[in-house]
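Undergrad: Just model28.tsv, nothing more (TSV, N, CA, C and O atoms):
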chain	number	residue	atom	x	y	z
A	1	LYS	N	92.03	108.86	102.11
A	1	LYS	CA	92.97	107.88	101.60
A	1	LYS	C	93.94	108.57	100.65
A	1	LYS	O	93.54	109.42	99.87
A	2	PRO	N	95.21	108.18	100.72
A	2	PRO	CA	96.20	108.79	99.81
A	2	PRO	C	95.97	108.34	98.37
A	2	PRO	O	95.39	107.28	98.11
A	3	ASP	N	96.44	109.15	97.43
A	3	ASP	CA	96.28	108.83	96.01
A	3	ASP	C	97.19	107.67	95.58
A	3	ASP	O	96.80	106.85	94.78
A	4	LEU	N	98.40	107.63	96.10
A	4	LEU	CA	99.36	106.58	95.75
A	4	LEU	C	99.94	105.95	97.01
A	4	LEU	O	100.28	106.66	97.96
A	5	VAL	N	100.06	104.65	97.00
A	5	VAL	CA	100.68	103.93	98.12
A	5	VAL	C	101.82	103.09	97.55
A	5	VAL	O	101.61	102.28	96.66
A	6	PHE	N	103.01	103.33	98.04
A	6	PHE	CA	104.17	102.52	97.66
A	6	PHE	C	104.27	101.40	98.68
A	6	PHE	O	104.30	101.65	99.88
A	7	ARG	N	104.32	100.17	98.20
A	7	ARG	CA	104.29	99.02	99.10
A	7	ARG	C	105.48	98.09	98.88
A	7	ARG	O	106.00	97.99	97.79
A	8	LYS	N	105.82	97.41	99.95
A	8	LYS	CA	106.73	96.26	99.89
A	8	LYS	C	105.88	95.11	100.40
A	8	LYS	O	105.61	95.04	101.60
A	9	GLY	N	105.44	94.27	99.47
A	9	GLY	CA	104.48	93.25	99.84
A	9	GLY	C	103.18	93.93	100.24
A	9	GLY	O	102.65	94.75	99.50
A	10	LYS	N	102.70	93.65	101.42
A	10	LYS	CA	101.47	94.27	101.90
A	10	LYS	C	101.72	95.48	102.79
A	10	LYS	O	100.79	96.11	103.26
A	11	ILE	N	102.99	95.80	103.01
A	11	ILE	CA	103.34	96.88	103.93
A	11	ILE	C	103.55	98.19	103.16
A	11	ILE	O	104.34	98.24	102.22
A	12	ALA	N	102.84	99.23	103.57
A	12	ALA	CA	103.02	100.55	102.97
A	12	ALA	C	104.34	101.14	103.44
A	12	ALA	O	104.62	101.17	104.64
A	13	ILE	N	105.17	101.56	102.49
A	13	ILE	CA	106.48	102.15	102.83
A	13	ILE	C	106.57	103.61	102.44
A	13	ILE	O	107.53	104.29	102.78
A	14	GLY	N	105.58	104.11	101.71
A	14	GLY	CA	105.54	105.51	101.31
A	14	GLY	C	104.19	105.85	100.74
A	14	GLY	O	103.47	104.97	100.25
A	15	LEU	N	103.84	107.13	100.81
A	15	LEU	CA	102.55	107.59	100.32
A	15	LEU	C	102.75	108.85	99.48
A	15	LEU	O	103.69	109.61	99.72
A	16	ALA	N	101.85	109.06	98.53
A	16	ALA	CA	101.90	110.28	97.73
A	16	ALA	C	100.49	110.80	97.50
A	16	ALA	O	99.53	110.04	97.43
A	17	GLU	N	100.41	112.09	97.39
A	17	GLU	CA	99.15	112.77	97.11
A	17	GLU	C	99.36	113.61	95.85
A	17	GLU	O	100.34	114.34	95.73
A	18	VAL	N	98.45	113.46	94.89
A	18	VAL	CA	98.54	114.19	93.63
A	18	VAL	C	97.58	115.37	93.68
A	18	VAL	O	96.41	115.21	93.98
A	19	LYS	N	98.11	116.53	93.39
A	19	LYS	CA	97.31	117.76	93.39
A	19	LYS	C	97.50	118.46	92.05
A	19	LYS	O	98.62	118.62	91.58
A	20	TYR	N	96.40	118.85	91.42
A	20	TYR	CA	96.50	119.55	90.15
A	20	TYR	C	96.57	121.06	90.40
A	20	TYR	O	95.69	121.82	90.04
A	21	LYS	N	97.61	121.44	91.12
A	21	LYS	CA	97.89	122.85	91.38
A	21	LYS	C	99.38	122.95	91.71
A	21	LYS	O	99.93	122.05	92.34
A	22	PRO	N	100.03	124.00	91.26
A	22	PRO	CA	101.49	124.08	91.45
A	22	PRO	C	101.93	124.37	92.88
A	22	PRO	O	103.03	124.01	93.27
A	23	GLU	N	101.10	125.02	93.66
A	23	GLU	CA	101.48	125.37	95.03
A	23	GLU	C	100.82	124.41	96.02
A	23	GLU	O	99.62	124.16	95.94
A	24	ILE	N	101.59	123.92	96.95
A	24	ILE	CA	101.08	123.03	97.99
A	24	ILE	C	100.68	123.90	99.18
A	24	ILE	O	101.50	124.66	99.71
A	25	GLU	N	99.43	123.81	99.56
A	25	GLU	CA	98.92	124.61	100.67
A	25	GLU	C	99.10	123.88	102.00
A	25	GLU	O	99.36	122.68	102.04
A	26	GLU	N	98.90	124.61	103.09
A	26	GLU	CA	99.06	124.04	104.43
A	26	GLU	C	98.15	122.83	104.63
A	26	GLU	O	98.58	121.80	105.16
A	27	LYS	N	96.91	122.91	104.18
A	27	LYS	CA	95.98	121.79	104.36
A	27	LYS	C	96.47	120.55	103.59
A	27	LYS	O	96.26	119.42	104.03
A	28	ASP	N	97.14	120.76	102.45
A	28	ASP	CA	97.70	119.64	101.68
A	28	ASP	C	98.85	118.99	102.45
A	28	ASP	O	98.98	117.77	102.47
A	29	ARG	N	99.68	119.81	103.08
A	29	ARG	CA	100.79	119.28	103.88
A	29	ARG	C	100.26	118.44	105.04
A	29	ARG	O	100.73	117.32	105.27
A	30	TYR	N	99.29	118.97	105.75
A	30	TYR	CA	98.74	118.22	106.89
A	30	TYR	C	98.06	116.93	106.45
A	30	TYR	O	98.11	115.93	107.15
A	31	GLN	N	97.44	116.95	105.28
A	31	GLN	CA	96.79	115.76	104.78
A	31	GLN	C	97.79	114.62	104.59
A	31	GLN	O	97.58	113.50	105.04
A	32	VAL	N	98.91	114.91	103.93
A	32	VAL	CA	99.93	113.87	103.69
A	32	VAL	C	100.60	113.47	104.99
A	32	VAL	O	100.84	112.29	105.22
A	33	ILE	N	100.91	114.44	105.83
A	33	ILE	CA	101.55	114.11	107.11
A	33	ILE	C	100.65	113.17	107.91
A	33	ILE	O	101.13	112.16	108.45
A	34	SER	N	99.36	113.44	107.97
A	34	SER	CA	98.47	112.57	108.75
A	34	SER	C	98.38	111.18	108.14
A	34	SER	O	98.35	110.18	108.86
A	35	HIS	N	98.37	111.08	106.81
A	35	HIS	CA	98.35	109.76	106.16
A	35	HIS	C	99.62	108.98	106.46
A	35	HIS	O	99.58	107.79	106.75
A	36	VAL	N	100.76	109.65	106.38
A	36	VAL	CA	102.05	108.99	106.62
A	36	VAL	C	102.13	108.50	108.06
A	36	VAL	O	102.53	107.36	108.32
A	37	VAL	N	101.74	109.34	108.99
A	37	VAL	CA	101.78	108.95	110.41
A	37	VAL	C	100.83	107.78	110.66
A	37	VAL	O	101.20	106.79	111.31
A	38	ALA	N	99.61	107.86	110.14
A	38	ALA	CA	98.63	106.80	110.35
A	38	ALA	C	99.09	105.47	109.76
A	38	ALA	O	98.83	104.40	110.34
A	39	ALA	N	99.78	105.51	108.62
A	39	ALA	CA	100.24	104.28	107.96
A	39	ALA	C	101.58	103.80	108.50
A	39	ALA	O	102.01	102.69	108.16
A	40	GLY	N	102.25	104.61	109.30
A	40	GLY	CA	103.55	104.22	109.83
A	40	GLY	C	104.65	104.22	108.78
A	40	GLY	O	105.61	103.47	108.88
A	41	CYS	N	104.50	105.07	107.77
A	41	CYS	CA	105.48	105.15	106.68
A	41	CYS	C	106.61	106.12	107.03
A	41	CYS	O	106.50	106.89	107.97
A	42	ASN	N	107.64	106.10	106.20
A	42	ASN	CA	108.77	107.01	106.38
A	42	ASN	C	108.90	108.02	105.26
A	42	ASN	O	109.85	108.77	105.22
A	43	LEU	N	107.95	108.00	104.31
A	43	LEU	CA	108.07	108.89	103.15
A	43	LEU	C	106.70	109.40	102.73
A	43	LEU	O	105.74	108.63	102.60
A	44	GLY	N	106.61	110.70	102.50
A	44	GLY	CA	105.42	111.32	101.95
A	44	GLY	C	105.82	112.24	100.82
A	44	GLY	O	106.82	112.96	100.91
A	45	VAL	N	105.07	112.20	99.73
A	45	VAL	CA	105.38	113.00	98.55
A	45	VAL	C	104.13	113.70	98.05
A	45	VAL	O	103.07	113.08	97.94
A	46	TRP	N	104.26	114.99	97.76
A	46	TRP	CA	103.22	115.73	97.07
A	46	TRP	C	103.64	115.78	95.61
A	46	TRP	O	104.78	116.09	95.30
A	47	ILE	N	102.73	115.46	94.71
A	47	ILE	CA	103.01	115.51	93.28
A	47	ILE	C	102.07	116.54	92.68
A	47	ILE	O	100.86	116.49	92.89
A	48	SER	N	102.65	117.50	91.94
A	48	SER	CA	101.85	118.53	91.29
A	48	SER	C	102.51	118.91	89.97
A	48	SER	O	103.69	118.61	89.74
A	49	PRO	N	101.76	119.58	89.09
A	49	PRO	CA	102.34	119.97	87.80
A	49	PRO	C	103.33	121.12	87.99
A	49	PRO	O	103.16	121.97	88.85
A	50	SER	N	104.36	121.11	87.16
A	50	SER	CA	105.29	122.24	87.18
A	50	SER	C	104.80	123.29	86.19
A	50	SER	O	104.14	122.97	85.20
A	51	LEU	N	105.07	124.51	86.49
A	51	LEU	CA	104.75	125.60	85.57
A	51	LEU	C	105.93	125.79	84.63
A	51	LEU	O	107.08	125.50	84.99
A	52	PRO	N	105.69	126.32	83.43
A	52	PRO	CA	106.79	126.47	82.46
A	52	PRO	C	107.99	127.24	83.00
A	52	PRO	O	109.12	126.90	82.71
A	53	GLU	N	107.75	128.25	83.80
A	53	GLU	CA	108.86	129.06	84.30
A	53	GLU	C	109.39	128.58	85.66
A	53	GLU	O	110.25	129.21	86.24
A	54	ARG	N	108.88	127.45	86.14
A	54	ARG	CA	109.25	126.96	87.46
A	54	ARG	C	110.05	125.69	87.38
A	54	ARG	O	110.15	125.04	86.35
A	55	PHE	N	110.55	125.29	88.50
A	55	PHE	CA	111.35	124.09	88.70
A	55	PHE	C	110.55	122.83	88.37
A	55	PHE	O	109.38	122.72	88.74
A	56	GLU	N	111.20	121.89	87.69
A	56	GLU	CA	110.63	120.56	87.50
A	56	GLU	C	111.54	119.58	88.22
A	56	GLU	O	112.75	119.65	88.10
A	57	GLY	N	110.97	118.70	89.00
A	57	GLY	CA	111.76	117.73	89.73
A	57	GLY	C	111.35	117.69	91.19
A	57	GLY	O	110.24	118.08	91.55
A	58	ILE	N	112.29	117.24	92.02
A	58	ILE	CA	111.95	117.02	93.43
A	58	ILE	C	112.60	118.05	94.33
A	58	ILE	O	113.70	118.52	94.06
A	59	GLU	N	111.87	118.39	95.39
A	59	GLU	CA	112.37	119.33	96.38
A	59	GLU	C	112.09	118.76	97.76
A	59	GLU	O	110.97	118.32	98.05
A	60	TYR	N	113.11	118.74	98.61
A	60	TYR	CA	112.95	118.28	99.99
A	60	TYR	C	112.16	119.33	100.75
A	60	TYR	O	112.47	120.52	100.71
A	61	VAL	N	111.11	118.91	101.46
A	61	VAL	CA	110.27	119.83	102.21
A	61	VAL	C	110.65	119.82	103.69
A	61	VAL	O	110.75	120.85	104.33
A	62	GLY	N	110.90	118.61	104.25
A	62	GLY	CA	111.26	118.53	105.65
A	62	GLY	C	110.94	117.18	106.25
A	62	GLY	O	110.54	116.25	105.54
A	63	ALA	N	111.13	117.08	107.55
A	63	ALA	CA	110.90	115.82	108.27
A	63	ALA	C	110.12	116.13	109.54
A	63	ALA	O	110.07	117.27	109.99
A	64	ILE	N	109.53	115.09	110.11
A	64	ILE	CA	108.83	115.23	111.39
A	64	ILE	C	109.55	114.38	112.43
A	64	ILE	O	110.47	113.62	112.09
A	65	SER	N	109.13	114.50	113.65
A	65	SER	CA	109.86	113.89	114.77
A	65	SER	C	110.00	112.37	114.69
A	65	SER	O	110.93	111.81	115.25
A	66	ASN	N	109.10	111.68	113.99
A	66	ASN	CA	109.22	110.22	113.89
A	66	ASN	C	110.20	109.79	112.81
A	66	ASN	O	110.40	108.61	112.57
A	67	GLY	N	110.81	110.77	112.13
A	67	GLY	CA	111.81	110.48	111.10
A	67	GLY	C	111.26	110.46	109.68
A	67	GLY	O	112.02	110.35	108.72
A	68	ALA	N	109.95	110.56	109.51
A	68	ALA	CA	109.37	110.58	108.16
A	68	ALA	C	109.82	111.83	107.42
A	68	ALA	O	109.84	112.92	107.98
A	69	LYS	N	110.17	111.63	106.15
A	69	LYS	CA	110.63	112.74	105.31
A	69	LYS	C	109.57	113.04	104.25
A	69	LYS	O	108.85	112.15	103.80
A	70	PHE	N	109.55	114.30	103.84
A	70	PHE	CA	108.54	114.76	102.90
A	70	PHE	C	109.19	115.53	101.74
A	70	PHE	O	110.12	116.30	101.95
A	71	TYR	N	108.64	115.28	100.56
A	71	TYR	CA	109.16	115.87	99.34
A	71	TYR	C	108.01	116.39	98.47
A	71	TYR	O	106.89	115.89	98.56
A	72	HIS	N	108.32	117.34	97.63
A	72	HIS	CA	107.37	117.85	96.63
A	72	HIS	C	107.97	117.58	95.26
A	72	HIS	O	109.06	118.06	94.96
A	73	TYR	N	107.26	116.80	94.46
A	73	TYR	CA	107.72	116.52	93.10
A	73	TYR	C	106.83	117.28	92.13
A	73	TYR	O	105.61	117.10	92.14
A	74	GLN	N	107.46	118.13	91.30
A	74	GLN	CA	106.72	118.86	90.29
A	74	GLN	C	107.01	118.20	88.94
A	74	GLN	O	108.16	118.13	88.50
A	75	ILE	N	105.95	117.71	88.31
A	75	ILE	CA	106.06	116.97	87.07
A	75	ILE	C	105.67	117.86	85.88
A	75	ILE	O	104.71	118.63	85.96
A	76	ASP	N	106.44	117.73	84.80
A	76	ASP	CA	106.17	118.48	83.58
A	76	ASP	C	105.06	117.77	82.80
A	76	ASP	O	105.27	116.68	82.30
A	77	ILE	N	103.89	118.39	82.74
A	77	ILE	CA	102.77	117.79	82.03
A	77	ILE	C	102.57	118.40	80.65
A	77	ILE	O	101.59	118.12	79.97
A	78	SER	N	103.52	119.23	80.21
A	78	SER	CA	103.37	119.90	78.92
A	78	SER	C	103.83	119.04	77.74
A	78	SER	O	103.53	119.36	76.61
A	79	GLY	N	104.52	117.96	78.02
A	79	GLY	CA	105.04	117.13	76.94
A	79	GLY	C	104.56	115.69	77.07
A	79	GLY	O	103.40	115.42	77.39
A	80	ASP	N	105.48	114.77	76.85
A	80	ASP	CA	105.19	113.34	76.89
A	80	ASP	C	105.00	112.89	78.34
A	80	ASP	O	105.96	112.84	79.11
A	81	LEU	N	103.77	112.56	78.71
A	81	LEU	CA	103.48	112.19	80.10
A	81	LEU	C	104.13	110.87	80.50
A	81	LEU	O	104.50	110.67	81.65
A	82	GLU	N	104.30	109.97	79.55
A	82	GLU	CA	104.95	108.69	79.86
A	82	GLU	C	106.41	108.92	80.23
A	82	GLU	O	106.91	108.35	81.20
A	83	VAL	N	107.09	109.76	79.50
A	83	VAL	CA	108.49	110.09	79.80
A	83	VAL	C	108.57	110.81	81.14
A	83	VAL	O	109.42	110.50	81.98
A	84	ALA	N	107.69	111.78	81.36
A	84	ALA	CA	107.69	112.54	82.61
A	84	ALA	C	107.40	111.63	83.80
A	84	ALA	O	108.02	111.76	84.86
A	85	SER	N	106.47	110.69	83.62
A	85	SER	CA	106.13	109.75	84.71
A	85	SER	C	107.30	108.83	85.02
A	85	SER	O	107.59	108.56	86.19
A	86	SER	N	107.98	108.35	84.00
A	86	SER	CA	109.14	107.48	84.21
A	86	SER	C	110.24	108.22	84.96
A	86	SER	O	110.87	107.68	85.87
A	87	LYS	N	110.46	109.47	84.58
A	87	LYS	CA	111.46	110.30	85.26
A	87	LYS	C	111.09	110.49	86.74
A	87	LYS	O	111.94	110.41	87.62
A	88	MET	N	109.80	110.70	87.00
A	88	MET	CA	109.34	110.87	88.37
A	88	MET	C	109.57	109.59	89.19
A	88	MET	O	110.08	109.65	90.31
A	89	ILE	N	109.23	108.46	88.62
A	89	ILE	CA	109.42	107.18	89.31
A	89	ILE	C	110.90	106.94	89.61
A	89	ILE	O	111.27	106.53	90.71
A	90	GLU	N	111.77	107.23	88.64
A	90	GLU	CA	113.21	107.06	88.83
A	90	GLU	C	113.74	107.96	89.95
A	90	GLU	O	114.74	107.64	90.58
A	91	THR	N	113.08	109.06	90.18
A	91	THR	CA	113.49	109.99	91.24
A	91	THR	C	112.95	109.57	92.60
A	91	THR	O	113.65	109.66	93.60
A	92	ILE	N	111.73	109.09	92.65
A	92	ILE	CA	111.08	108.78	93.93
A	92	ILE	C	111.51	107.42	94.49
A	92	ILE	O	111.72	107.30	95.70
A	93	VAL	N	111.65	106.41	93.66
A	93	VAL	CA	111.97	105.05	94.15
A	93	VAL	C	113.23	105.03	95.03
A	93	VAL	O	113.21	104.40	96.10
A	94	PRO	N	114.31	105.72	94.67
A	94	PRO	CA	115.49	105.70	95.56
A	94	PRO	C	115.25	106.33	96.94
A	94	PRO	O	116.02	106.09	97.87
A	95	LEU	N	114.19	107.11	97.09
A	95	LEU	CA	113.88	107.72	98.39
A	95	LEU	C	113.17	106.77	99.33
A	95	LEU	O	113.12	107.00	100.53
A	96	LEU	N	112.61	105.70	98.78
A	96	LEU	CA	111.91	104.71	99.60
A	96	LEU	C	112.91	103.96	100.47
A	96	LEU	O	114.10	103.88	100.15
A	97	PRO	N	112.45	103.42	101.59
A	97	PRO	CA	113.35	102.69	102.49
A	97	PRO	C	114.17	101.65	101.77
A	97	PRO	O	113.69	101.00	100.83
A	98	GLN	N	115.43	101.47	102.18
A	98	GLN	CA	116.33	100.48	101.56
A	98	GLN	C	115.68	99.12	101.49
A	98	GLN	O	114.97	98.72	102.41
A	99	GLY	N	115.96	98.43	100.42
A	99	GLY	CA	115.46	97.08	100.28
A	99	GLY	C	114.00	97.00	99.91
A	99	GLY	O	113.37	95.96	100.03
A	100	SER	N	113.43	98.12	99.42
A	100	SER	CA	112.01	98.10	99.07
A	100	SER	C	111.75	97.21	97.88
A	100	SER	O	110.67	96.66	97.74
A	101	GLY	N	112.75	97.03	97.01
A	101	GLY	CA	112.64	96.09	95.91
A	101	GLY	C	111.60	96.46	94.87
A	101	GLY	O	111.13	95.60	94.14
A	102	LEU	N	111.24	97.72	94.76
A	102	LEU	CA	110.27	98.11	93.77
A	102	LEU	C	110.91	98.09	92.39
A	102	LEU	O	112.05	98.49	92.24
A	103	PRO	N	110.15	97.68	91.37
A	103	PRO	CA	110.70	97.66	90.01
A	103	PRO	C	110.84	99.06	89.46
A	103	PRO	O	110.22	99.97	89.88
Have the structure of the file written as C-alpha cells, please.
TA:
Amino acid sequence: KPDLVFRKGKIAIGLAEVKYKPEIEEKDRYQVISHVVAAGCNLGVWISPSLPERFEGIEYVGAISNGAKFYHYQIDISGDLEVASSKMIETIVPLLPQGSGLP
C-alpha cells in the first residue's frame, strides 16, 4: 500500500511513497509505478529527505505509456518541518489532475 493517497472524494488521483533515503532505487520506482497503475492514477511521487549539498524541491522523473507522470520531491528536514511540509504540498497539489479541489 502506498504511504500517501491523494483523493478527490473516494477516487484516488495520485499516490506518494515516503523513503528516508536521498536516492531512489529501482525497486522504489517499480513500487510506485505498480501502485499508480493498480489504482488507475495519473501521478506518482517519491518523497525523500534532501541532503544539505543537494537539491531541495521537485524533479520530474518521467512518464509511462498510460500517461501517468512521476516526480521525486526532496524535502528539507533540517529545519522547520511544518514549513517544509507546506512548501511540499504547495508544489505537489498543482500536479494533481485539474479540478481535484484539494485544499
Undergrad: Per residue of region 67-95 of chain A within 8 Å of region 14-21 of chain A, note the shortest atom pair and the distance in Å to one decimal, counting only N, CA, C and O atoms, and order the rows by chain and increasing residue number, as a tab-separated table.
TA:
residue	atom	partner	partner_atom	distance
A:Lys69	O	A:Leu15	O	7.1
A:Phe70	CA	A:Leu15	O	7.8
A:Tyr71	O	A:Leu15	O	7.1
A:His72	CA	A:Glu17	O	7.9
A:Tyr73	O	A:Glu17	O	6.9
A:Gln74	CA	A:Lys21	O	7.8
A:Leu95	O	A:Gly14	CA	7.8
Undergrad: Can you spit out the residues from that selection as a short mmCIF file (atom, residue, chain, number, x, y, z; two decimals), in the coordinates of the input, using N, CA, C and O atoms?
TA:
data_model
loop_
_atom_site.label_atom_id
_atom_site.label_comp_id
_atom_site.auth_asym_id
_atom_site.auth_seq_id
_atom_site.Cartn_x
_atom_site.Cartn_y
_atom_site.Cartn_z
N LYS A 69 110.17 111.63 106.15
CA LYS A 69 110.63 112.74 105.31
C LYS A 69 109.57 113.04 104.25
O LYS A 69 108.85 112.15 103.80
N PHE A 70 109.55 114.30 103.84
CA PHE A 70 108.54 114.76 102.90
C PHE A 70 109.19 115.53 101.74
O PHE A 70 110.12 116.30 101.95
N TYR A 71 108.64 115.28 100.56
CA TYR A 71 109.16 115.87 99.34
C TYR A 71 108.01 116.39 98.47
O TYR A 71 106.89 115.89 98.56
N HIS A 72 108.32 117.34 97.63
CA HIS A 72 107.37 117.85 96.63
C HIS A 72 107.97 117.58 95.26
O HIS A 72 109.06 118.06 94.96
N TYR A 73 107.26 116.80 94.46
CA TYR A 73 107.72 116.52 93.10
C TYR A 73 106.83 117.28 92.13
O TYR A 73 105.61 117.10 92.14
N GLN A 74 107.46 118.13 91.30
CA GLN A 74 106.72 118.86 90.29
C GLN A 74 107.01 118.20 88.94
O GLN A 74 108.16 118.13 88.50
N LEU A 95 114.19 107.11 97.09
CA LEU A 95 113.88 107.72 98.39
C LEU A 95 113.17 106.77 99.33
O LEU A 95 113.12 107.00 100.53
#
Undergrad: Please compute the CA of Ser34 (chain A)-CA of Thr91 (chain A) distance, one decimal, in Å.
TA: 23.2 Å
Undergrad: Could you give me, as a VMD selection string, each residue of region 1-90 of chain A that DSSP assigns to alpha helix (DSSP H) when run on this structure's backbone?
TA: chain A and resid 26 to 39 81 to 90
Undergrad: What's the 8 Å shell around Ala39 (chain A), counting only N, CA, C and O atoms, without same-chain residues fewer than 6 positions away, as a list of chain:residue names?
TA: A:Ile11, A:Ala12, A:Ile13, A:Gly14, A:Val32, A:Ile33
Undergrad: Using atom O of Leu43 (chain A) and CA of Ala68 (chain A) as the two end points, give the distance in Å to one decimal.
TA: 6.9 Å
Undergrad: Of the candidates A:Asp28, A:Asp3, A:Ala84, A:Glu23, which one gets nearest to Pro49 (chain A) if we count all atoms listed in the file?
TA: A:Glu23
Undergrad: Tell me, which residues of chain A carry DSSP strand (DSSP E), written as a PyMOL selection string?
TA: chain A and resi 4-8+11-18+43-49+57-63+69-75
Undergrad: Find the distance between CA of Pro2 (chain A) and CA of Ile92 (chain A) and write it in Å to one decimal.
TA: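 Between CA of Pro2 (chain A) and CA of Ile92 (chain A) the gap works out to 16.0 Å.
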Undergrad: Using only N, CA, C and O atoms, pick whichever of A:Ile75, A:Ala38, A:Ile64, A:Glu26 has the shortest atom-to-atom distance to Ser50 (chain A).
TA: A:Ile75
Undergrad: From the list A:Lys1, A:Gly62, A:Asn42, A:Ser85, which residue is nearest Pro97 (chain A) when using all atoms listed in the file?
TA: A:Asn42
Undergrad: Would you please work out which residue, of A:Arg7, A:Arg54, A:Arg29, A:His35, is nearest to Leu96 (chain A) when using only C-alpha atoms?
TA: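 Counting only C-alpha atoms, the residue closest to Leu96 (chain A) is A:Arg7.
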Undergrad: Between A:Ile58, A:Leu51, A:Ser65, A:Ile24, which residue has the minimum interatomic distance to Met88 (chain A), considering only N, CA, C and O atoms?
TA: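 Nearest to Met88 (chain A): A:Ile58.
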Undergrad: Once 8 Å is added on each side, what centre and edge lengths in Å to one decimal does the axis-aligned box around all listed atoms of region 27-43 of chain A have, as AutoDock Vina command-line options?
TA:
--center_x 102.9 --center_y 112.8 --center_z 106.5 --size_x 29.9 --size_y 36.2 --size_z 25.6
